[in-house]
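What follows is the content of data_10.json, which has JSON, C-alpha atoms:
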```json
[["chain", "number", "residue", "atom", "x", "y", "z"],
["A", 1, "MET", "CA", 105.72, -68.08, 71.08],
["A", 2, "ALA", "CA", 102.22, -69.34, 71.47],
["A", 3, "ALA", "CA", 100.53, -70.92, 68.53],
["A", 4, "LEU", "CA", 97.65, -69.06, 66.98],
["A", 5, "PRO", "CA", 94.26, -70.83, 66.98],
["A", 6, "VAL", "CA", 93.44, -72.47, 63.73],
["A", 7, "PRO", "CA", 90.10, -71.21, 62.36],
["A", 8, "LEU", "CA", 87.45, -73.86, 61.74],
["A", 9, "PRO", "CA", 86.29, -74.59, 58.27],
["A", 10, "PRO", "CA", 83.01, -72.90, 57.30],
["A", 11, "ALA", "CA", 81.06, -76.21, 57.23],
["A", 12, "LYS", "CA", 82.07, -77.12, 60.80],
["A", 13, "MET", "CA", 81.37, -73.59, 62.02],
["A", 14, "ALA", "CA", 77.80, -73.83, 60.68],
["A", 15, "ALA", "CA", 77.26, -77.16, 62.42],
["A", 16, "VAL", "CA", 78.38, -75.69, 65.75],
["A", 17, "GLU", "CA", 76.04, -72.74, 65.34],
["A", 18, "LYS", "CA", 73.08, -75.10, 64.75],
["A", 19, "ARG", "CA", 73.84, -77.01, 67.95],
["A", 20, "ARG", "CA", 73.75, -73.87, 70.11],
["A", 21, "PRO", "CA", 70.44, -73.54, 72.06],
["A", 22, "ALA", "CA", 68.41, -70.50, 71.16],
["A", 23, "VAL", "CA", 68.07, -68.06, 74.05],
["A", 24, "ALA", "CA", 64.49, -66.72, 74.34],
["A", 25, "PRO", "CA", 63.68, -63.46, 76.09],
["A", 26, "ALA", "CA", 62.08, -65.12, 79.11],
["A", 27, "ALA", "CA", 61.20, -61.83, 80.67],
["A", 28, "ASN", "CA", 58.64, -61.12, 77.94],
["A", 29, "PHE", "CA", 56.33, -64.17, 78.61],
["A", 30, "PRO", "CA", 55.05, -63.31, 82.10],
["A", 31, "ASP", "CA", 54.35, -59.68, 81.14],
["A", 32, "SER", "CA", 52.47, -60.58, 77.96],
["A", 33, "GLY", "CA", 50.43, -63.25, 79.81],
["A", 34, "ARG", "CA", 49.39, -60.86, 82.55],
["A", 35, "THR", "CA", 48.51, -58.23, 79.96],
["A", 36, "SER", "CA", 46.28, -60.55, 77.92],
["A", 37, "VAL", "CA", 44.46, -61.84, 81.00],
["A", 38, "SER", "CA", 43.81, -58.36, 82.32],
["A", 39, "GLN", "CA", 42.60, -57.20, 78.92],
["A", 40, "ALA", "CA", 40.17, -60.13, 78.66],
["A", 41, "ALA", "CA", 38.83, -59.48, 82.16],
["A", 42, "ALA", "CA", 38.41, -55.79, 81.40],
["A", 43, "ALA", "CA", 36.60, -56.60, 78.16],
["A", 44, "ALA", "CA", 34.24, -59.04, 79.91],
["A", 45, "GLU", "CA", 33.53, -56.52, 82.66],
["A", 46, "SER", "CA", 32.94, -53.81, 80.08],
["A", 47, "GLU", "CA", 30.46, -56.04, 78.19],
["A", 48, "GLU", "CA", 28.55, -56.86, 81.38],
["A", 49, "ASP", "CA", 28.41, -53.20, 82.32],
["A", 50, "PHE", "CA", 27.11, -52.33, 78.88],
["A", 51, "LEU", "CA", 24.33, -54.93, 79.06],
["A", 52, "ARG", "CA", 23.31, -53.65, 82.49],
["A", 53, "GLN", "CA", 23.40, -50.01, 81.44],
["A", 54, "VAL", "CA", 21.18, -50.48, 78.39],
["A", 55, "GLY", "CA", 18.72, -52.66, 80.34],
["A", 56, "VAL", "CA", 19.27, -55.90, 78.46],
["A", 57, "THR", "CA", 20.14, -57.88, 81.58],
["A", 58, "GLU", "CA", 16.97, -56.84, 83.40],
["A", 59, "MET", "CA", 14.89, -57.34, 80.25],
["A", 60, "LEU", "CA", 16.10, -60.93, 79.78],
["A", 61, "ARG", "CA", 15.60, -61.67, 83.45],
["A", 62, "ALA", "CA", 12.02, -60.39, 83.29],
["A", 63, "ALA", "CA", 11.36, -62.48, 80.17],
["A", 64, "LEU", "CA", 12.64, -65.67, 81.80],
["A", 65, "LEU", "CA", 10.61, -65.00, 84.95],
["A", 66, "LYS", "CA", 7.52, -64.55, 82.78],
["A", 67, "VAL", "CA", 8.17, -67.92, 81.11],
["A", 68, "LEU", "CA", 8.42, -69.57, 84.53],
["A", 69, "GLU", "CA", 5.25, -67.82, 85.65],
["A", 70, "ILE", "CA", 3.13, -68.67, 82.59],
["A", 71, "ARG", "CA", 4.82, -72.00, 81.67],
["A", 72, "PRO", "CA", 3.69, -71.86, 78.02],
["A", 73, "GLU", "CA", 3.59, -74.99, 75.88],
["A", 74, "GLU", "CA", 5.97, -73.38, 73.35],
["A", 75, "PRO", "CA", 8.46, -71.24, 75.32],
["A", 76, "ILE", "CA", 10.45, -70.09, 72.27],
["A", 77, "ALA", "CA", 7.36, -68.86, 70.45],
["A", 78, "PHE", "CA", 6.18, -67.24, 73.67],
["A", 79, "LEU", "CA", 9.48, -65.35, 74.03],
["A", 80, "ALA", "CA", 9.27, -64.21, 70.42],
["A", 81, "HIS", "CA", 5.81, -62.75, 71.05],
["A", 82, "TYR", "CA", 6.96, -61.34, 74.38],
["A", 83, "PHE", "CA", 9.81, -59.33, 72.86],
["A", 84, "GLU", "CA", 7.67, -58.32, 69.90],
["A", 85, "ASN", "CA", 4.95, -56.97, 72.18],
["A", 86, "MET", "CA", 7.09, -55.53, 74.93],
["A", 87, "GLY", "CA", 5.38, -52.55, 76.50],
["A", 88, "LEU", "CA", 7.33, -49.33, 76.50],
["A", 89, "ARG", "CA", 7.74, -47.92, 79.97],
["A", 90, "SER", "CA", 6.93, -44.25, 80.48],
["A", 91, "PRO", "CA", 5.24, -43.59, 77.13],
["A", 92, "THR", "CA", 3.42, -40.43, 76.16],
["A", 93, "ASN", "CA", -0.28, -40.79, 75.55],
["A", 94, "GLY", "CA", -1.69, -39.86, 72.20],
["A", 95, "GLY", "CA", -4.93, -38.01, 71.93],
["A", 96, "ALA", "CA", -7.11, -35.84, 69.81],
["A", 97, "GLY", "CA", -5.16, -33.15, 67.99],
["A", 98, "GLU", "CA", -1.82, -34.95, 68.27],
["A", 99, "PRO", "CA", 0.31, -36.00, 65.28],
["A", 100, "PRO", "CA", -0.77, -39.15, 63.38],
["A", 101, "GLY", "CA", 2.46, -40.88, 64.37],
["A", 102, "GLN", "CA", 1.63, -40.35, 68.02],
["A", 103, "LEU", "CA", -1.85, -41.80, 67.53],
["A", 104, "LEU", "CA", -0.37, -44.83, 65.79],
["A", 105, "LEU", "CA", 2.05, -45.30, 68.68],
["A", 106, "GLN", "CA", -0.86, -45.16, 71.10],
["A", 107, "GLN", "CA", -2.69, -47.90, 69.18],
["A", 108, "GLN", "CA", 0.44, -50.03, 69.34],
["A", 109, "ARG", "CA", 0.58, -49.55, 73.11],
["A", 110, "LEU", "CA", -3.06, -50.56, 73.41],
["A", 111, "GLY", "CA", -2.22, -53.73, 71.51],
["A", 112, "ARG", "CA", 0.70, -54.45, 73.79],
["A", 113, "ALA", "CA", -1.42, -53.86, 76.87],
["A", 114, "LEU", "CA", -4.05, -56.28, 75.54],
["A", 115, "TRP", "CA", -1.36, -58.88, 74.90],
["A", 116, "HIS", "CA", -0.14, -58.66, 78.49],
["A", 117, "LEU", "CA", -3.69, -58.83, 79.86],
["A", 118, "ARG", "CA", -4.36, -62.07, 77.98],
["A", 119, "LEU", "CA", -1.22, -63.85, 79.20],
["A", 120, "ALA", "CA", -2.93, -65.36, 82.24],
["A", 121, "HIS", "CA", -6.53, -66.23, 83.08],
["A", 122, "HIS", "CA", -8.10, -64.02, 85.73],
["A", 123, "SER", "CA", -8.38, -67.04, 88.04],
["A", 124, "GLN", "CA", -4.55, -67.07, 88.25],
["A", 125, "ARG", "CA", -4.74, -64.12, 90.59],
["A", 126, "THR", "CA", -1.04, -63.35, 91.11],
["A", 127, "ALA", "CA", -0.07, -63.72, 87.47],
["A", 128, "PHE", "CA", -3.13, -61.77, 86.29],
["A", 129, "ASN", "CA", -2.46, -58.89, 88.70],
["A", 130, "ASN", "CA", 1.18, -58.74, 87.61],
["A", 131, "ASN", "CA", 0.13, -58.58, 83.97],
["A", 132, "VAL", "CA", -2.43, -55.88, 84.75],
["A", 133, "SER", "CA", 0.33, -53.81, 86.35],
["A", 134, "VAL", "CA", 2.54, -54.21, 83.27],
["A", 135, "ALA", "CA", -0.36, -53.22, 81.00],
["A", 136, "TYR", "CA", -0.99, -50.16, 83.17],
["A", 137, "GLU", "CA", 2.65, -49.13, 82.85],
["A", 138, "CYS", "CA", 2.49, -49.61, 79.07],
["A", 139, "LEU", "CA", -0.28, -47.03, 78.86],
["A", 140, "SER", "CA", 0.76, -44.61, 81.59],
["A", 141, "ALA", "CA", 1.61, -41.15, 80.29],
["A", 142, "SER", "CA", 4.79, -39.29, 81.04],
["A", 143, "GLY", "CA", 6.70, -36.57, 79.35],
["A", 144, "ARG", "CA", 7.98, -33.04, 79.77],
["A", 145, "LYS", "CA", 4.49, -31.63, 80.29],
["A", 146, "LYS", "CA", 2.69, -34.71, 81.58],
["A", 147, "LYS", "CA", 2.82, -36.51, 84.88],
["A", 148, "PRO", "CA", 2.92, -40.32, 84.99],
["A", 149, "GLY", "CA", -0.54, -41.81, 85.01],
["A", 150, "LEU", "CA", -3.36, -43.09, 82.86],
["A", 151, "ASP", "CA", -6.21, -40.95, 81.55],
["A", 152, "GLY", "CA", -9.83, -42.02, 81.31],
["A", 153, "ARG", "CA", -9.92, -41.89, 77.53],
["A", 154, "THR", "CA", -7.23, -44.53, 77.13],
["A", 155, "TYR", "CA", -8.70, -46.63, 79.95],
["A", 156, "SER", "CA", -12.17, -46.58, 78.37],
["A", 157, "GLU", "CA", -10.75, -47.44, 74.96],
["A", 158, "LEU", "CA", -8.98, -50.45, 76.42],
["A", 159, "LEU", "CA", -12.19, -51.62, 78.12],
["A", 160, "LYS", "CA", -14.00, -51.51, 74.77],
["A", 161, "ARG", "CA", -11.18, -53.42, 73.06],
["A", 162, "VAL", "CA", -11.24, -56.15, 75.71],
["A", 163, "CYS", "CA", -15.00, -56.63, 75.33],
["A", 164, "ARG", "CA", -14.97, -56.39, 71.55],
["A", 165, "ASP", "CA", -12.14, -58.88, 71.15],
["A", 166, "GLY", "CA", -13.94, -61.17, 73.61],
["A", 167, "GLY", "CA", -16.78, -61.61, 71.14],
["A", 168, "ALA", "CA", -19.59, -60.44, 73.43],
["A", 169, "PRO", "CA", -22.44, -58.53, 71.73],
["A", 170, "GLU", "CA", -22.13, -54.77, 72.13],
["A", 171, "GLU", "CA", -25.59, -54.42, 73.60],
["A", 172, "VAL", "CA", -24.67, -56.99, 76.28],
["A", 173, "VAL", "CA", -21.49, -55.26, 77.50],
["A", 174, "ALA", "CA", -22.61, -51.64, 77.04],
["A", 175, "PRO", "CA", -24.30, -51.41, 80.48],
["A", 176, "LEU", "CA", -21.12, -52.60, 82.19],
["A", 177, "LEU", "CA", -18.95, -50.11, 80.31],
["A", 178, "ARG", "CA", -21.23, -47.28, 81.38],
["A", 179, "LYS", "CA", -20.71, -48.27, 85.04],
["A", 180, "ILE", "CA", -16.92, -48.64, 85.03],
["A", 181, "GLN", "CA", -15.73, -46.06, 82.48],
["A", 182, "CYS", "CA", -14.06, -42.81, 83.52],
["A", 183, "ARG", "CA", -14.16, -39.33, 82.03],
["A", 184, "ASP", "CA", -11.65, -38.72, 79.24],
["A", 185, "HIS", "CA", -9.36, -36.43, 81.23],
["A", 186, "GLU", "CA", -9.84, -38.13, 84.58],
["A", 187, "ALA", "CA", -6.79, -39.78, 86.16],
["A", 188, "VAL", "CA", -7.26, -43.53, 86.55],
["A", 189, "PRO", "CA", -5.34, -45.14, 89.44],
["A", 190, "LEU", "CA", -4.08, -48.69, 89.23],
["A", 191, "GLY", "CA", -6.77, -50.03, 91.58],
["A", 192, "ILE", "CA", -9.64, -48.84, 89.38],
["A", 193, "PHE", "CA", -7.80, -50.03, 86.28],
["A", 194, "ARG", "CA", -7.40, -53.52, 87.76],
["A", 195, "THR", "CA", -11.04, -53.73, 88.85],
["A", 196, "GLY", "CA", -12.28, -52.59, 85.46],
["A", 197, "MET", "CA", -10.18, -55.11, 83.53],
["A", 198, "LEU", "CA", -11.20, -57.92, 85.88],
["A", 199, "SER", "CA", -14.89, -57.00, 85.55],
["A", 200, "CYS", "CA", -14.68, -57.15, 81.75],
["A", 201, "PHE", "CA", -12.93, -60.51, 81.64],
["A", 202, "VAL", "CA", -15.31, -62.02, 84.19],
["A", 203, "LEU", "CA", -18.35, -60.70, 82.30],
["A", 204, "LEU", "CA", -17.03, -62.24, 79.07],
["A", 205, "GLU", "CA", -16.72, -65.61, 80.76],
["A", 206, "PHE", "CA", -20.11, -65.21, 82.43],
["A", 207, "VAL", "CA", -21.75, -64.49, 79.06],
["A", 208, "ALA", "CA", -19.96, -67.46, 77.48],
["A", 209, "ARG", "CA", -21.33, -69.76, 80.18],
["A", 210, "ALA", "CA", -24.81, -68.29, 79.76],
["A", 211, "GLY", "CA", -24.56, -68.98, 76.04],
["A", 212, "ALA", "CA", -23.66, -72.60, 76.71],
["A", 213, "LEU", "CA", -26.62, -72.84, 79.09],
["A", 214, "PHE", "CA", -28.99, -71.42, 76.48],
["A", 215, "GLN", "CA", -27.73, -74.00, 74.01],
["A", 216, "LEU", "CA", -29.11, -76.68, 76.29],
["A", 217, "LEU", "CA", -32.52, -74.97, 76.39],
["A", 218, "GLU", "CA", -33.03, -74.00, 72.78],
["A", 219, "ASP", "CA", -34.88, -75.91, 70.12],
["A", 220, "PRO", "CA", -32.18, -76.99, 67.63],
["A", 221, "GLY", "CA", -34.48, -76.47, 64.69],
["A", 222, "LEU", "CA", -35.70, -73.00, 65.68],
["A", 223, "ALA", "CA", -32.65, -71.68, 67.57],
["A", 224, "VAL", "CA", -34.96, -70.29, 70.27],
["A", 225, "ALA", "CA", -36.00, -71.45, 73.73],
["A", 226, "ASP", "CA", -39.35, -71.60, 75.44],
["A", 227, "ARG", "CA", -39.76, -68.29, 77.27],
["A", 228, "ARG", "CA", -41.10, -69.92, 80.44],
["A", 229, "VAL", "CA", -38.11, -72.25, 80.55],
["A", 230, "GLY", "CA", -35.63, -69.48, 79.83],
["A", 231, "GLN", "CA", -37.11, -67.15, 82.43],
["A", 232, "ALA", "CA", -37.20, -69.94, 85.02],
["A", 233, "VAL", "CA", -33.49, -70.55, 84.49],
["A", 234, "LEU", "CA", -32.75, -66.82, 84.75],
["A", 235, "ASP", "CA", -34.71, -66.61, 88.01],
["A", 236, "THR", "CA", -32.74, -69.55, 89.39],
["A", 237, "LEU", "CA", -29.48, -67.90, 88.30],
["A", 238, "GLU", "CA", -30.49, -64.66, 90.01],
["A", 239, "GLY", "CA", -31.18, -66.58, 93.20],
["A", 240, "ALA", "CA", -27.73, -68.20, 93.05],
["A", 241, "LEU", "CA", -26.06, -64.81, 92.63],
["A", 242, "SER", "CA", -28.00, -63.28, 95.52],
["A", 243, "ALA", "CA", -27.57, -66.19, 97.94],
["A", 244, "GLY", "CA", -25.09, -65.91, 100.74],
["A", 245, "ASP", "CA", -22.79, -63.11, 101.81],
["A", 246, "MET", "CA", -21.16, -62.27, 98.50],
["A", 247, "ALA", "CA", -17.94, -60.32, 98.30],
["A", 248, "THR", "CA", -17.49, -57.38, 95.97],
["A", 249, "ALA", "CA", -15.00, -59.19, 93.71],
["A", 250, "PRO", "CA", -16.56, -59.96, 90.31],
["A", 251, "THR", "CA", -15.09, -63.46, 90.33],
["A", 252, "HIS", "CA", -17.24, -64.40, 93.33],
["A", 253, "TYR", "CA", -20.38, -63.86, 91.30],
["A", 254, "LEU", "CA", -18.97, -66.04, 88.56],
["A", 255, "GLU", "CA", -18.34, -68.77, 91.11],
["A", 256, "ALA", "CA", -21.90, -68.40, 92.40],
["A", 257, "GLY", "CA", -23.25, -68.87, 88.90],
["A", 258, "SER", "CA", -21.14, -71.98, 88.53],
["A", 259, "ARG", "CA", -22.87, -73.48, 91.57],
["A", 260, "LEU", "CA", -26.12, -73.57, 89.62],
["A", 261, "GLY", "CA", -26.43, -77.33, 89.95],
["A", 262, "PRO", "CA", -28.50, -79.85, 87.97],
["A", 263, "ASP", "CA", -31.04, -80.20, 90.79],
["A", 264, "SER", "CA", -31.94, -76.50, 90.87],
["A", 265, "LEU", "CA", -32.13, -76.39, 87.10],
["A", 266, "ALA", "CA", -34.35, -79.47, 87.02],
["A", 267, "ARG", "CA", -36.76, -77.90, 89.51],
["A", 268, "ALA", "CA", -36.87, -74.72, 87.45],
["A", 269, "LEU", "CA", -37.63, -76.68, 84.28],
["A", 270, "ASP", "CA", -40.37, -78.65, 86.03],
["A", 271, "ARG", "CA", -42.04, -75.45, 87.21],
["A", 272, "ALA", "CA", -41.86, -73.99, 83.72],
["A", 273, "ALA", "CA", -43.24, -77.14, 82.10],
["A", 274, "SER", "CA", -46.20, -77.21, 84.48],
["A", 275, "GLY", "CA", -47.66, -74.10, 82.89],
["A", 276, "ARG", "CA", -50.53, -74.77, 80.55],
["A", 277, "ARG", "CA", -50.61, -71.50, 78.64],
["A", 278, "PRO", "CA", -48.71, -71.36, 75.35],
["A", 279, "SER", "CA", -45.40, -69.55, 75.61],
["A", 280, "VAL", "CA", -43.69, -67.23, 73.15],
["A", 281, "PRO", "CA", -40.09, -68.03, 72.22],
["A", 282, "MET", "CA", -37.03, -66.39, 73.78],
["A", 283, "ALA", "CA", -34.11, -65.58, 71.49],
["A", 284, "ARG", "CA", -30.48, -66.14, 72.43],
["A", 285, "GLU", "CA", -29.72, -62.40, 72.41],
["A", 286, "GLU", "CA", -32.48, -61.67, 74.92],
["A", 287, "PHE", "CA", -31.36, -64.48, 77.20],
["A", 288, "LEU", "CA", -27.75, -63.27, 77.15],
["A", 289, "GLU", "CA", -28.74, -59.66, 77.83],
["A", 290, "LYS", "CA", -30.85, -60.65, 80.82],
["A", 291, "ALA", "CA", -28.18, -62.98, 82.18],
["A", 292, "ALA", "CA", -25.49, -60.31, 81.80],
["A", 293, "ALA", "CA", -27.76, -57.76, 83.52],
["A", 294, "LEU", "CA", -27.87, -60.00, 86.60],
["A", 295, "PHE", "CA", -24.07, -59.87, 86.81],
["A", 296, "ILE", "CA", -23.74, -56.18, 85.95],
["A", 297, "ALA", "CA", -26.21, -55.27, 88.69],
["A", 298, "LYS", "CA", -23.66, -56.58, 91.23],
["A", 299, "VAL", "CA", -20.75, -54.49, 89.88],
["A", 300, "LYS", "CA", -20.11, -51.24, 91.72],
["A", 301, "PRO", "CA", -19.90, -48.15, 89.50],
["A", 302, "VAL", "CA", -16.66, -46.17, 89.32],
["A", 303, "GLY", "CA", -16.63, -43.16, 91.60]]
```
Please express what this file holds, its structure, as structure tokens.
Amino acid sequence: MAALPVPLPPAKMAAVEKRRPAVAPAANFPDSGRTSVSQAAAAAESEEDFLRQVGVTEMLRAALLKVLEIRPEEPIAFLAHYFENMGLRSPTNGGAGEPPGQLLLQQQRLGRALWHLRLAHHSQRTAFNNNVSVAYECLSASGRKKKPGLDGRTYSELLKRVCRDGGAPEEVVAPLLRKIQCRDHEAVPLGIFRTGMLSCFVLLEFVARAGALFQLLEDPGLAVADRRVGQAVLDTLEGALSAGDMATAPTHYLEAGSRLGPDSLARALDRAASGRRPSVPMAREEFLEKAAALFIAKVKPVG
């Protein structure tokens, strides 16, 4: 008769159980790993799709391209202003008889358009033209009952804002505005909009240079210049603007005025000083108006 196995004491049985290796469900690891990886990839793809769908990706790309184009001294501050003043695409123009909120929105869009227009000097032709296009889109009207485009009222208001913020006297810029403004309900294409903005910015710089020139002519104590001297300089400036085969671009007339060299000015001053009759004074305002008139005469009217 075979002997029955003797059961182990409880203490030894516990020791044996501790020495047994734990068997893990190996089949669960690969499945859980694949699941977590696929979930992470799906989440990342979903986040990228969301950013693209809401326009954030394109918006950030445009902002970075603008930083590279302008190369501001303080890029972070520039980006803060950029996002704060971002122009809304496809807005609806406000006008007379519309709700106050709509008029306020229109003023905000005018401010955004001005901000874009001032990002680059007009001599930076590519950057300036790009900014003009963005400003045009900020102000273009669209809606259920309106076709995309810019009306003359908004265009004329922006012209006035550019000149007013530029610090030029109203009586100096008024003749230019009369030549390049459009009727309130007239559609303004991008080409006319660009030419009008460029004309205003060039006139502002032209007037600033004329002011610096007058400062050299005026009597510091009286703040006026000798009329013969002032008129001689204006005549010389007119000759510089009329010389050569000038193009229609306003900047070409600004460049012509810049070529008013010391020699031509010296000859003009000598001719003025040779007069023996006493001369009445010429005020700064009169000199600036006459200098601006020389430039405005070269600008083609709209239409």
* Contacts of Ala63 of chain A within 12 Å, all atoms listed in the file, excl. fewer than 2 positions in-chain, as a list in words ->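 The contact residues come out as Val56, Thr57, Glu58, Met59, Leu60, Arg61, Leu65, Lys66, Val67, Leu68, Glu69, Ile70, Arg71, Pro75, Ile76, Phe78, Leu79, Ala80, His81, Tyr82, Phe83, Glu84, Asn85 and Met86 of chain A.
Shortest separation to Asp219 of chain A among A:Leu158, A:Ala283, A:Leu294, A:Ile192 occurs at residue A:Ala283, atoms counted being all atoms listed in the file.
Counting all atoms listed in the file and comparing A:Val233, A:Leu217, A:Ile180, A:Leu241, the residue that lies closest to Pro281 of chain A is A:Leu217.
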* Rank nothing, just name the residue among A:Ala62, A:Ala208, A:Arg183, A:Met282 nearest to Leu222 of chain A, using all atoms listed in the file. =>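 With all atoms listed in the file as the atom set, the closest residue is A:Met282.
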* **Proximity to Lys179 of chain A - best of A:Leu110, A:Val132, A:Leu237, A:Cys200, all atoms listed in the file** =>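 Under the stated criterion, the closest residue is A:Cys200.
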